[in-house]
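Below: the structure, in structure tokens.
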Amino acid sequence: MDGAYRLTEGPTKAMPIVTLLTDFGNTDHYVAEMKGVLLSRAPGAVLVDVTHGIAPGDVRSAAYILGRTWHRFPAGTIHMVVVDPGVGTNRAAFAFSANDHRFVGPDNGVFTPLLHDAKVEIVVLDTPESASPTFHGRDLFAPAAAALACGVALQSLGQPFAGMPDRLAYTQPHYEGKTVVGEVVYIDRFGSLVTNLTSDLVPKYARLEVEDLDLGPLRSTYADVTVGGLLAYIGSGGAIEIAVRNGSAARRLGVGVGGRVRARLG
Amino acid sequence: MDGAYRLTEGPTKAMPIVTLLTDFGNTDHYVAEMKGVLLSRAPGAVLVDVTHGIAPGDVRSAAYILGRTWHRFPAGTIHMVVVDPGVGTNRAAFAFSANDHRFVGPDNGVFTPLLHDAKVEIVVLDTPESASPTFHGRDLFAPAAAALACGVALQSLGQPFAGMPDRLAYTQPHYEGKTVVGEVVYIDRFGSLVTNLTSDLVPKYARLEVEDLDLGPLRSTYADVTVGGLLAYIGSGGAIEIAVRNGSAARRLGVGVGGRVRARLG
Amino acid sequence: MDGAYRLTEGPTKAMPIVTLLTDFGNTDHYVAEMKGVLLSRAPGAVLVDVTHGIAPGDVRSAAYILGRTWHRFPAGTIHMVVVDPGVGTNRAAFAFSANDHRFVGPDNGVFTPLLHDAKVEIVVLDTPESASPTFHGRDLFAPAAAALACGVALQSLGQPFAGMPDRLAYTQPHYEGKTVVGEVVYIDRFGSLVTNLTSDLVPKYARLEVEDLDLGPLRSTYADVTVGGLLAYIGSGGAIEIAVRNGSAARRLGVGVGGRVRARLG
């Protein structure tokens, strides 16, 4: 069915999508204040909450979720990321275009999944004098996202960004003899452990271990083990995941982010 | 005011509604991935979150919430339900039309409120080869819902479903002499206990009991008891509910789903 | 950038915004039932969740969040507030227009931020006979909001409201010699303490205290203290806030709503 029914014409031009990814939670007024600004300045924009449930200041999780989601949206989408523990410091605020998508947020590494190379054109947003020093989401990023949604050119939003954007350092998987060693990078709601071992590193015949527990061979899907059984498989993001069928691997194993995972190739 | 101001013409045709009901939670990337797919393939679709807060794999609660909500939306709405603990097993994935609404999701009983009779036309969705075996919400159900939103005929989405769809078994209320005996089927955020005793089974003069506690006669509304008082009344879904005015009956009584409720008719 | 790119023409007329602010939570069916009613009666309305995470019956927090958000939305927006512990009592249900925005909800003080003076025209909504006595959000307020979204005049929705609307009593800051004494009125997700000391009451040279702890001078922003440091500053809503940089002041200080805050002016 892939793509068969995709509409090639539609209201995407007239109604640009703005996604919101923050650590503001769903109980306070912050998200609604930003949405009010967005809809006041860009009437007709389609707002999509990616999540507001990032733990306060957890830039690393926000980067993971951004990396998992942005490319699912149509070209032209504007992604606003406000996980910004450095608001009110001298961290830069910027906007950039990459892969036909637009991004707005702080220069704190949260955009690492998009900033693989130096070719991205980045614009530094000026902070309006009237902006609250503690709520750039409302007073700086939302107006910039709204401007982009209204068709304003990226270059009009500020000066070119001269330096190198902040990027998160990731531990890369490494080899110990015939074993690839990686780690847990994210744990989802179901208690599944997402690792940094991508499918290109791990052949189908590999045996997986987490901490010192043997998980057996790589499985295709949950049905390959009984209910309550542990398994390792290639997850929906292309990386090895460890789960309990109809249960929580995080709870079962007591393993958190950073936990060691091994794929034995021989 | 009922219906007086309803618009008979409007953009419902051009902008079909897709509702989403899942157990994916609001903190991970899963919901946004599905929304990206939906908006990429069906630009202009109006997405409505029913809830993503179903406990992981709780098909029974999801069925309850689907039954409470689908008919409030306009005809033509597409309801995507992804509470799917059997993803990656051989459970069927299907789409069907009922009461002028469309439904997409797994064959696991979650659609029981819609599948009262055998007259519903069901189509089995083919699983694309490229689909992640653990995320049919993104790779199977969202594309199917988007296709329906774009006006693709249900029949084009797959082959007719030959068997009987999975249905949840519900304990039916029964009579013990002049008493109707039912049970608690859902507990809401406020701690109110929703039962399976519908108003047609319980006359206005009945006296209610939960476990062995007498609740007195059926009340009309909260104001019939003092603040902090227990009451039984006909809830907004048409079934007897038990609540504490401005409090939580679940906490007060320690009664959970399955708790016994009696209506004494004489 | 303020306002520079605001569109003066757009689909706001054709697609009115309806905001929703409730204590219904995000796991039950209540919010979706209301949205189904809204979209059935006002197709094309743009629904924005302010929050559904108000603690059950917490009218005071709801009023705070309404006061922080309504004016960020464009003129013409309809704000539906259903934090309604008195549903099913004889509290009035009403709709009114203020500052070119429209408001629908119960007469229980939740609209205090809008009801500063007596000039607001208020209409009492009739309760339809078919309305559930325990779910006016779905059967009374959503139909009224939908009618307004469809262009129905406020006056058509009911009779003029004769009495005085319910208003919350707020403790006002007071002077003790050269000290302004206020209190904590809201605590946000980050554990920041929002006070009722507004910037017009507190000059820049003031020194702040919470309970008996000296916070030093008023700061501009988080960067004025080290990570983990306590600070007081003018928050994004115009009132003094007390926070821990990259931490939680509520957890650090153990201070809750009602906690005493002092600004020493000399």
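Following the order of the structure tokens, first chain is A, next is B, and so on, with residues numbered from 1 inside each chain and ligands from 1 in the order they appear.
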
Which of stretch 105-239 of chain B counts as alpha helix (DSSP H) under DSSP, as a ChimeraX atom specification please?
/B:136,142-149

Would you write out those residues with all heavy atoms, as a PDB file, in the first residue's frame?
ATOM      1  N   HIS B 136       2.622  -1.964  13.548  1.00  0.00           N
ATOM      2  CA  HIS B 136       1.614  -1.906  12.497  1.00  0.00           C
ATOM      3  C   HIS B 136       0.812  -0.609  12.535  1.00  0.00           C
ATOM      4  O   HIS B 136       0.246  -0.201  11.528  1.00  0.00           O
ATOM      5  CB  HIS B 136       0.696  -3.116  12.584  1.00  0.00           C
ATOM      6  CG  HIS B 136       1.340  -4.374  12.076  1.00  0.00           C
ATOM      7  ND1 HIS B 136       0.711  -5.593  12.029  1.00  0.00           N
ATOM      8  CD2 HIS B 136       2.586  -4.574  11.569  1.00  0.00           C
ATOM      9  CE1 HIS B 136       1.540  -6.496  11.529  1.00  0.00           C
ATOM     10  NE2 HIS B 136       2.677  -5.915  11.251  1.00  0.00           N
ATOM     11  N   ALA B 142      -2.108   3.198   9.912  1.00  0.00           N
ATOM     12  CA  ALA B 142      -2.117   4.613   9.500  1.00  0.00           C
ATOM     13  C   ALA B 142      -2.240   4.744   7.980  1.00  0.00           C
ATOM     14  O   ALA B 142      -3.042   5.554   7.498  1.00  0.00           O
ATOM     15  CB  ALA B 142      -0.881   5.349  10.026  1.00  0.00           C
ATOM     16  N   PRO B 143      -1.489   3.979   7.187  1.00  0.00           N
ATOM     17  CA  PRO B 143      -1.697   4.077   5.735  1.00  0.00           C
ATOM     18  C   PRO B 143      -3.121   3.700   5.312  1.00  0.00           C
ATOM     19  O   PRO B 143      -3.686   4.321   4.409  1.00  0.00           O
ATOM     20  CB  PRO B 143      -0.667   3.087   5.164  1.00  0.00           C
ATOM     21  CG  PRO B 143       0.421   3.051   6.196  1.00  0.00           C
ATOM     22  CD  PRO B 143      -0.294   3.179   7.521  1.00  0.00           C
ATOM     23  N   ALA B 144      -3.706   2.700   5.980  1.00  0.00           N
ATOM     24  CA  ALA B 144      -5.078   2.325   5.624  1.00  0.00           C
ATOM     25  C   ALA B 144      -6.054   3.432   5.985  1.00  0.00           C
ATOM     26  O   ALA B 144      -6.946   3.784   5.205  1.00  0.00           O
ATOM     27  CB  ALA B 144      -5.458   1.020   6.334  1.00  0.00           C
ATOM     28  N   ALA B 145      -5.885   4.011   7.171  1.00  0.00           N
ATOM     29  CA  ALA B 145      -6.770   5.108   7.577  1.00  0.00           C
ATOM     30  C   ALA B 145      -6.598   6.297   6.644  1.00  0.00           C
ATOM     31  O   ALA B 145      -7.582   6.948   6.260  1.00  0.00           O
ATOM     32  CB  ALA B 145      -6.470   5.516   9.023  1.00  0.00           C
ATOM     33  N   ALA B 146      -5.367   6.582   6.250  1.00  0.00           N
ATOM     34  CA  ALA B 146      -5.118   7.703   5.334  1.00  0.00           C
ATOM     35  C   ALA B 146      -5.768   7.440   3.978  1.00  0.00           C
ATOM     36  O   ALA B 146      -6.340   8.348   3.362  1.00  0.00           O
ATOM     37  CB  ALA B 146      -3.613   7.930   5.170  1.00  0.00           C
ATOM     38  N   ALA B 147      -5.697   6.205   3.525  1.00  0.00           N
ATOM     39  CA  ALA B 147      -6.332   5.874   2.243  1.00  0.00           C
ATOM     40  C   ALA B 147      -7.840   6.113   2.322  1.00  0.00           C
ATOM     41  O   ALA B 147      -8.433   6.740   1.434  1.00  0.00           O
ATOM     42  CB  ALA B 147      -6.028   4.420   1.868  1.00  0.00           C
ATOM     43  N   LEU B 148      -8.463   5.651   3.402  1.00  0.00           N
ATOM     44  CA  LEU B 148      -9.899   5.893   3.569  1.00  0.00           C
ATOM     45  C   LEU B 148     -10.194   7.391   3.625  1.00  0.00           C
ATOM     46  O   LEU B 148     -11.169   7.868   3.039  1.00  0.00           O
ATOM     47  CB  LEU B 148     -10.404   5.204   4.842  1.00  0.00           C
ATOM     48  CG  LEU B 148     -10.383   3.674   4.811  1.00  0.00           C
ATOM     49  CD1 LEU B 148     -10.692   3.108   6.202  1.00  0.00           C
ATOM     50  CD2 LEU B 148     -11.386   3.121   3.785  1.00  0.00           C
ATOM     51  N   ALA B 149      -9.335   8.132   4.310  1.00  0.00           N
ATOM     52  CA  ALA B 149      -9.536   9.577   4.410  1.00  0.00           C
ATOM     53  C   ALA B 149      -9.441  10.247   3.047  1.00  0.00           C
ATOM     54  O   ALA B 149     -10.048  11.290   2.808  1.00  0.00           O
ATOM     55  CB  ALA B 149      -8.512  10.183   5.372  1.00  0.00           C
TER      56      ALA B 149
END

Contacts of chain C with chain A up to 6 Å, shortest pair per row, only C-alpha atoms, as JSON lines:
{"residue": "C:Tyr5", "atom": "CA", "partner": "A:Ala147", "partner_atom": "CA", "distance": 5.7}
{"residue": "C:Arg6", "atom": "CA", "partner": "A:Arg41", "partner_atom": "CA", "distance": 4.5}
{"residue": "C:Val50", "atom": "CA", "partner": "A:Ala32", "partner_atom": "CA", "distance": 5.1}
{"residue": "C:Thr51", "atom": "CA", "partner": "A:Thr27", "partner_atom": "CA", "distance": 5.5}
{"residue": "C:Gly53", "atom": "CA", "partner": "A:Thr27", "partner_atom": "CA", "distance": 4.8}
{"residue": "C:Ile65", "atom": "CA", "partner": "A:His29", "partner_atom": "CA", "distance": 5.5}
{"residue": "C:Thr69", "atom": "CA", "partner": "A:Glu33", "partner_atom": "CA", "distance": 5.3}
{"residue": "C:Arg72", "atom": "CA", "partner": "A:Gly36", "partner_atom": "CA", "distance": 4.6}
{"residue": "C:Phe73", "atom": "CA", "partner": "A:Gly36", "partner_atom": "CA", "distance": 4.1}
{"residue": "C:Pro74", "atom": "CA", "partner": "A:Ser40", "partner_atom": "CA", "distance": 4.9}
{"residue": "C:Thr221", "atom": "CA", "partner": "A:Gly88", "partner_atom": "CA", "distance": 5.3}
{"residue": "C:Tyr222", "atom": "CA", "partner": "A:Gly88", "partner_atom": "CA", "distance": 5.7}
{"residue": "C:Ala223", "atom": "CA", "partner": "A:Thr89", "partner_atom": "CA", "distance": 4.9}
{"residue": "C:Ser236", "atom": "CA", "partner": "A:Ser132", "partner_atom": "CA", "distance": 5.4}

Please produce an output containing all heavy atoms for each residue in the selection, written as a CSV table (one decimal), in the first residue's frame.
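Written output follows (selection05.csv):
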chain,number,residue,atom,x,y,z
C,5,TYR,N,5.0,39.5,10.9
C,5,TYR,CA,4.5,38.6,9.9
C,5,TYR,C,3.1,38.2,10.1
C,5,TYR,O,2.6,37.2,9.5
C,5,TYR,CB,5.4,37.4,9.8
C,5,TYR,CG,6.9,37.8,9.7
C,5,TYR,CD1,7.8,37.6,10.7
C,5,TYR,CD2,7.3,38.5,8.6
C,5,TYR,CE1,9.1,38.0,10.6
C,5,TYR,CE2,8.6,38.9,8.4
C,5,TYR,CZ,9.5,38.6,9.5
C,5,TYR,OH,10.8,39.0,9.4
C,6,ARG,N,2.4,38.8,11.0
C,6,ARG,CA,1.0,38.4,11.3
C,6,ARG,C,0.2,38.6,10.0
C,6,ARG,O,0.2,39.6,9.4
C,6,ARG,CB,0.4,39.3,12.4
C,6,ARG,CG,-0.9,38.7,12.9
C,6,ARG,CD,-1.3,39.5,14.2
C,6,ARG,NE,-0.1,39.5,15.1
C,6,ARG,CZ,-0.1,40.2,16.3
C,6,ARG,NH1,-1.2,40.9,16.6
C,6,ARG,NH2,0.9,40.1,17.1
C,50,VAL,N,-6.1,23.2,25.9
C,50,VAL,CA,-5.3,24.0,26.9
C,50,VAL,C,-4.7,23.0,27.8
C,50,VAL,O,-3.5,22.9,27.9
C,50,VAL,CB,-6.1,25.1,27.5
C,50,VAL,CG1,-5.3,25.8,28.6
C,50,VAL,CG2,-6.6,26.1,26.5
C,51,THR,N,-5.5,22.4,28.6
C,51,THR,CA,-5.0,21.2,29.4
C,51,THR,C,-6.3,20.5,29.9
C,51,THR,O,-7.3,21.1,30.0
C,51,THR,CB,-4.2,21.6,30.6
C,51,THR,OG1,-3.8,20.4,31.3
C,51,THR,CG2,-4.9,22.5,31.6
C,53,GLY,N,-5.5,18.4,32.5
C,53,GLY,CA,-4.8,17.9,33.6
C,53,GLY,C,-5.0,18.6,34.9
C,53,GLY,O,-4.3,18.4,35.9
C,65,ILE,N,-4.8,29.2,34.9
C,65,ILE,CA,-4.4,28.8,33.6
C,65,ILE,C,-5.2,29.5,32.5
C,65,ILE,O,-4.6,29.9,31.5
C,65,ILE,CB,-4.4,27.2,33.4
C,65,ILE,CG1,-3.3,26.7,34.3
C,65,ILE,CG2,-4.4,26.8,32.0
C,65,ILE,CD1,-3.1,25.2,34.2
C,69,THR,N,-3.7,32.1,29.5
C,69,THR,CA,-3.7,31.7,28.1
C,69,THR,C,-4.7,32.4,27.2
C,69,THR,O,-4.3,32.5,26.0
C,69,THR,CB,-4.0,30.2,28.1
C,69,THR,OG1,-5.2,29.9,28.8
C,69,THR,CG2,-2.9,29.3,28.6
C,72,ARG,N,-3.7,34.9,24.5
C,72,ARG,CA,-2.7,34.6,23.5
C,72,ARG,C,-3.3,34.1,22.2
C,72,ARG,O,-2.7,34.1,21.1
C,72,ARG,CB,-1.8,33.5,24.0
C,72,ARG,CG,-1.0,33.8,25.3
C,72,ARG,CD,0.1,34.8,25.0
C,72,ARG,NE,0.7,35.3,26.2
C,72,ARG,CZ,1.6,36.3,26.2
C,72,ARG,NH1,2.0,36.9,25.1
C,72,ARG,NH2,2.1,36.7,27.4
C,73,PHE,N,-4.6,33.8,22.2
C,73,PHE,CA,-5.3,33.3,21.1
C,73,PHE,C,-5.9,34.5,20.3
C,73,PHE,O,-6.1,35.6,20.9
C,73,PHE,CB,-6.4,32.3,21.5
C,73,PHE,CG,-5.8,31.0,21.9
C,73,PHE,CD1,-5.4,30.8,23.2
C,73,PHE,CD2,-5.6,30.0,21.0
C,73,PHE,CE1,-4.8,29.6,23.6
C,73,PHE,CE2,-5.0,28.8,21.4
C,73,PHE,CZ,-4.6,28.6,22.7
C,74,PRO,N,-6.2,34.3,19.0
C,74,PRO,CA,-6.8,35.4,18.3
C,74,PRO,C,-8.2,35.8,18.7
C,74,PRO,O,-8.9,35.0,19.3
C,74,PRO,CB,-6.8,34.9,16.8
C,74,PRO,CG,-6.6,33.4,16.9
C,74,PRO,CD,-5.9,33.1,18.2
C,221,THR,N,17.4,36.4,35.0
C,221,THR,CA,17.2,35.1,34.3
C,221,THR,C,18.0,34.1,35.0
C,221,THR,O,18.8,34.4,35.9
C,221,THR,CB,17.4,35.2,32.8
C,221,THR,OG1,17.1,33.9,32.2
C,221,THR,CG2,18.9,35.5,32.5
C,222,TYR,N,17.8,32.8,34.6
C,222,TYR,CA,18.5,31.7,35.2
C,222,TYR,C,20.0,31.8,35.2
C,222,TYR,O,20.7,31.4,36.2
C,222,TYR,CB,18.1,30.4,34.5
C,222,TYR,CG,16.7,30.1,34.5
C,222,TYR,CD1,16.0,29.8,33.3
C,222,TYR,CD2,15.9,30.2,35.6
C,222,TYR,CE1,14.7,29.6,33.2
C,222,TYR,CE2,14.5,30.0,35.6
C,222,TYR,CZ,13.9,29.7,34.3
C,222,TYR,OH,12.6,29.4,34.3
C,223,ALA,N,20.6,32.4,34.2
C,223,ALA,CA,22.0,32.5,34.0
C,223,ALA,C,22.7,33.4,35.1
C,223,ALA,O,23.9,33.3,35.3
C,223,ALA,CB,22.4,33.0,32.6
C,236,SER,N,7.3,34.7,33.2
C,236,SER,CA,6.8,35.0,31.8
C,236,SER,C,5.4,35.5,31.9
C,236,SER,O,4.8,35.9,30.9
C,236,SER,CB,6.9,33.8,30.9
C,236,SER,OG,6.2,32.7,31.5

Go through B:His101, B:His174, B:His79, B:Arg91 and flag the residue nearest B:Leu197, using only C-alpha atoms for the distances.
B:His174

Shell of 10 Å around stretch 203-217 of chain A, only C-alpha atoms, local chain residues under 6 positions omitted, as a ChimeraX atom specification:
/A:179-184,193,229-234,240,242,253,255,259-266

Please, could you write that set of residues out with N, CA and C atoms as a PDB file, in the first residue's frame?
ATOM      1  N   THR A 179      32.494  -9.779  18.869  1.00  0.00           N
ATOM      2  CA  THR A 179      31.294  -9.292  19.545  1.00  0.00           C
ATOM      3  C   THR A 179      31.153  -7.779  19.316  1.00  0.00           C
ATOM      4  N   VAL A 180      29.962  -7.352  18.948  1.00  0.00           N
ATOM      5  CA  VAL A 180      29.685  -5.913  18.862  1.00  0.00           C
ATOM      6  C   VAL A 180      29.073  -5.488  20.191  1.00  0.00           C
ATOM      7  N   VAL A 181      29.646  -4.454  20.769  1.00  0.00           N
ATOM      8  CA  VAL A 181      29.183  -3.997  22.078  1.00  0.00           C
ATOM      9  C   VAL A 181      28.518  -2.629  21.940  1.00  0.00           C
ATOM     10  N   GLY A 182      27.280  -2.558  22.380  1.00  0.00           N
ATOM     11  CA  GLY A 182      26.563  -1.285  22.338  1.00  0.00           C
ATOM     12  C   GLY A 182      25.890  -1.016  23.670  1.00  0.00           C
ATOM     13  N   GLU A 183      24.937  -0.105  23.656  1.00  0.00           N
ATOM     14  CA  GLU A 183      24.271   0.221  24.922  1.00  0.00           C
ATOM     15  C   GLU A 183      22.827   0.640  24.686  1.00  0.00           C
ATOM     16  N   VAL A 184      22.085   0.659  25.774  1.00  0.00           N
ATOM     17  CA  VAL A 184      20.691   1.103  25.735  1.00  0.00           C
ATOM     18  C   VAL A 184      20.667   2.619  25.646  1.00  0.00           C
ATOM     19  N   LEU A 193      13.732  -1.800  25.626  1.00  0.00           N
ATOM     20  CA  LEU A 193      15.035  -1.146  25.645  1.00  0.00           C
ATOM     21  C   LEU A 193      15.514  -0.957  24.213  1.00  0.00           C
ATOM     22  N   GLY A 229       8.012 -13.927  27.584  1.00  0.00           N
ATOM     23  CA  GLY A 229       9.388 -14.247  27.214  1.00  0.00           C
ATOM     24  C   GLY A 229      10.170 -13.012  26.800  1.00  0.00           C
ATOM     25  N   LEU A 230      11.480 -13.054  27.018  1.00  0.00           N
ATOM     26  CA  LEU A 230      12.391 -11.983  26.596  1.00  0.00           C
ATOM     27  C   LEU A 230      12.809 -12.196  25.149  1.00  0.00           C
ATOM     28  N   LEU A 231      12.966 -11.132  24.414  1.00  0.00           N
ATOM     29  CA  LEU A 231      13.475 -11.275  23.054  1.00  0.00           C
ATOM     30  C   LEU A 231      14.226 -10.033  22.626  1.00  0.00           C
ATOM     31  N   ALA A 232      15.119 -10.231  21.639  1.00  0.00           N
ATOM     32  CA  ALA A 232      15.791  -9.119  20.972  1.00  0.00           C
ATOM     33  C   ALA A 232      15.387  -9.174  19.507  1.00  0.00           C
ATOM     34  N   TYR A 233      15.152  -8.035  18.915  1.00  0.00           N
ATOM     35  CA  TYR A 233      14.648  -7.978  17.539  1.00  0.00           C
ATOM     36  C   TYR A 233      14.998  -6.608  16.983  1.00  0.00           C
ATOM     37  N   ILE A 234      14.840  -6.462  15.678  1.00  0.00           N
ATOM     38  CA  ILE A 234      15.089  -5.157  15.060  1.00  0.00           C
ATOM     39  C   ILE A 234      13.829  -4.318  15.207  1.00  0.00           C
ATOM     40  N   ILE A 240      18.400  -2.521  17.258  1.00  0.00           N
ATOM     41  CA  ILE A 240      18.055  -3.671  18.091  1.00  0.00           C
ATOM     42  C   ILE A 240      17.305  -3.186  19.323  1.00  0.00           C
ATOM     43  N   ILE A 242      15.197  -4.698  22.952  1.00  0.00           N
ATOM     44  CA  ILE A 242      15.028  -5.829  23.855  1.00  0.00           C
ATOM     45  C   ILE A 242      13.706  -5.636  24.582  1.00  0.00           C
ATOM     46  N   LEU A 253      14.417  -6.623  33.834  1.00  0.00           N
ATOM     47  CA  LEU A 253      15.882  -6.698  33.864  1.00  0.00           C
ATOM     48  C   LEU A 253      16.523  -5.662  34.768  1.00  0.00           C
ATOM     49  N   VAL A 255      17.437  -2.860  33.840  1.00  0.00           N
ATOM     50  CA  VAL A 255      18.472  -2.200  33.030  1.00  0.00           C
ATOM     51  C   VAL A 255      17.958  -0.827  32.600  1.00  0.00           C
ATOM     52  N   GLY A 259      22.850   0.826  29.806  1.00  0.00           N
ATOM     53  CA  GLY A 259      23.078  -0.610  30.052  1.00  0.00           C
ATOM     54  C   GLY A 259      23.775  -1.252  28.855  1.00  0.00           C
ATOM     55  N   ARG A 260      24.693  -2.187  29.128  1.00  0.00           N
ATOM     56  CA  ARG A 260      25.529  -2.795  28.113  1.00  0.00           C
ATOM     57  C   ARG A 260      24.794  -3.897  27.347  1.00  0.00           C
ATOM     58  N   VAL A 261      24.906  -3.879  26.029  1.00  0.00           N
ATOM     59  CA  VAL A 261      24.274  -4.877  25.171  1.00  0.00           C
ATOM     60  C   VAL A 261      25.332  -5.451  24.227  1.00  0.00           C
ATOM     61  N   ARG A 262      25.336  -6.776  24.076  1.00  0.00           N
ATOM     62  CA  ARG A 262      26.340  -7.415  23.215  1.00  0.00           C
ATOM     63  C   ARG A 262      25.661  -8.249  22.138  1.00  0.00           C
ATOM     64  N   ALA A 263      26.210  -8.190  20.937  1.00  0.00           N
ATOM     65  CA  ALA A 263      25.781  -9.087  19.858  1.00  0.00           C
ATOM     66  C   ALA A 263      26.966  -9.970  19.486  1.00  0.00           C
ATOM     67  N   ARG A 264      26.841 -11.268  19.798  1.00  0.00           N
ATOM     68  CA  ARG A 264      27.945 -12.207  19.507  1.00  0.00           C
ATOM     69  C   ARG A 264      27.776 -12.727  18.084  1.00  0.00           C
ATOM     70  N   LEU A 265      28.803 -12.480  17.296  1.00  0.00           N
ATOM     71  CA  LEU A 265      28.703 -12.847  15.878  1.00  0.00           C
ATOM     72  C   LEU A 265      29.331 -14.203  15.601  1.00  0.00           C
ATOM     73  N   GLY A 266      30.030 -14.772  16.548  1.00  0.00           N
ATOM     74  CA  GLY A 266      30.672 -16.062  16.270  1.00  0.00           C
ATOM     75  C   GLY A 266      30.796 -16.901  17.522  1.00  0.00           C
TER      76      GLY A 266
END

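You will find atom CA of A:Val225 at 20.8 Å from atom CA of B:Val59.
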
Write out as a ChimeraX atom specification each polymer residue whose atoms come within 8 Å of A:Leu21, counting only C-alpha atoms; drop sequence neighbours fewer than 4 positions from it.
/A:49-52,62,66,79-83

Between atom CA of B:Gly137 and atom CA of B:Gly76, what distance in Å does the model show, to one decimal?
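Calculated distance between atom CA of B:Gly137 and atom CA of B:Gly76 is 20.4 Å.
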
Which of stretch 35-147 of chain B DSSP labels strand (DSSP E), written as a PyMOL selection string
chain B and resi 46-51+78-82+93-98+101-106+121-125

Would you output that residue set with N, CA and C atoms, as a short mmCIF file (atom, residue, chain, number, x, y, z; two decimals), in the first residue's frame?
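Saved the output as result-v8.cif:
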data_model
loop_
_atom_site.label_atom_id
_atom_site.label_comp_id
_atom_site.auth_asym_id
_atom_site.auth_seq_id
_atom_site.Cartn_x
_atom_site.Cartn_y
_atom_site.Cartn_z
N VAL B 46 -8.24 15.78 9.64
CA VAL B 46 -8.31 16.35 10.98
C VAL B 46 -8.09 15.22 11.98
N LEU B 47 -7.01 15.30 12.72
CA LEU B 47 -6.66 14.22 13.65
C LEU B 47 -7.17 14.56 15.05
N VAL B 48 -7.84 13.61 15.66
CA VAL B 48 -8.36 13.80 17.02
C VAL B 48 -7.86 12.66 17.90
N ASP B 49 -7.15 13.00 18.95
CA ASP B 49 -6.72 11.99 19.91
C ASP B 49 -7.89 11.61 20.80
N VAL B 50 -8.31 10.36 20.76
CA VAL B 50 -9.30 9.92 21.75
C VAL B 50 -8.58 9.75 23.07
N THR B 51 -7.62 8.87 23.10
CA THR B 51 -6.68 8.80 24.21
C THR B 51 -5.53 7.91 23.76
N ILE B 78 -13.17 8.26 10.52
CA ILE B 78 -12.34 7.05 10.51
C ILE B 78 -11.73 6.89 11.90
N HIS B 79 -11.97 5.75 12.50
CA HIS B 79 -11.48 5.50 13.86
C HIS B 79 -10.36 4.46 13.81
N MET B 80 -9.18 4.89 14.20
CA MET B 80 -8.01 4.03 14.21
C MET B 80 -7.77 3.61 15.64
N VAL B 81 -7.78 2.32 15.89
CA VAL B 81 -7.58 1.81 17.24
C VAL B 81 -6.36 0.91 17.24
N VAL B 82 -5.34 1.31 17.95
CA VAL B 82 -4.11 0.51 17.97
C VAL B 82 -3.75 0.17 19.41
N ALA B 93 -5.32 -8.09 10.76
CA ALA B 93 -5.46 -6.63 10.79
C ALA B 93 -6.60 -6.31 9.84
N PHE B 94 -7.54 -5.48 10.27
CA PHE B 94 -8.66 -5.26 9.36
C PHE B 94 -9.20 -3.84 9.37
N ALA B 95 -10.09 -3.60 8.44
CA ALA B 95 -10.81 -2.33 8.35
C ALA B 95 -12.25 -2.69 8.04
N PHE B 96 -13.18 -1.92 8.58
CA PHE B 96 -14.58 -2.19 8.28
C PHE B 96 -15.39 -0.92 8.39
N SER B 97 -16.58 -1.00 7.85
CA SER B 97 -17.51 0.12 7.87
C SER B 97 -18.72 -0.32 8.68
N ALA B 98 -19.17 0.54 9.58
CA ALA B 98 -20.36 0.23 10.38
C ALA B 98 -21.02 1.54 10.76
N HIS B 101 -19.60 4.90 9.85
CA HIS B 101 -18.24 5.22 10.31
C HIS B 101 -17.30 4.12 9.79
N ARG B 102 -16.00 4.44 9.76
CA ARG B 102 -15.01 3.46 9.34
C ARG B 102 -14.06 3.18 10.49
N PHE B 103 -13.57 1.97 10.57
CA PHE B 103 -12.73 1.53 11.68
C PHE B 103 -11.55 0.75 11.14
N VAL B 104 -10.39 0.98 11.74
CA VAL B 104 -9.17 0.31 11.31
C VAL B 104 -8.42 -0.15 12.56
N GLY B 105 -8.00 -1.40 12.58
CA GLY B 105 -7.24 -1.87 13.73
C GLY B 105 -7.12 -3.39 13.74
N PRO B 106 -6.63 -3.93 14.86
CA PRO B 106 -6.38 -5.36 14.94
C PRO B 106 -7.66 -6.15 15.30
N GLU B 121 -19.30 -5.44 6.93
CA GLU B 121 -18.36 -5.87 5.90
C GLU B 121 -16.94 -5.55 6.34
N ILE B 122 -16.14 -6.58 6.43
CA ILE B 122 -14.78 -6.42 6.94
C ILE B 122 -13.78 -6.80 5.86
N VAL B 123 -12.72 -6.03 5.79
CA VAL B 123 -11.66 -6.28 4.82
C VAL B 123 -10.36 -6.54 5.57
N VAL B 124 -9.66 -7.58 5.18
CA VAL B 124 -8.37 -7.90 5.81
C VAL B 124 -7.28 -7.07 5.14
N LEU B 125 -6.52 -6.36 5.93
CA LEU B 125 -5.43 -5.56 5.38
C LEU B 125 -4.22 -6.44 5.14
#
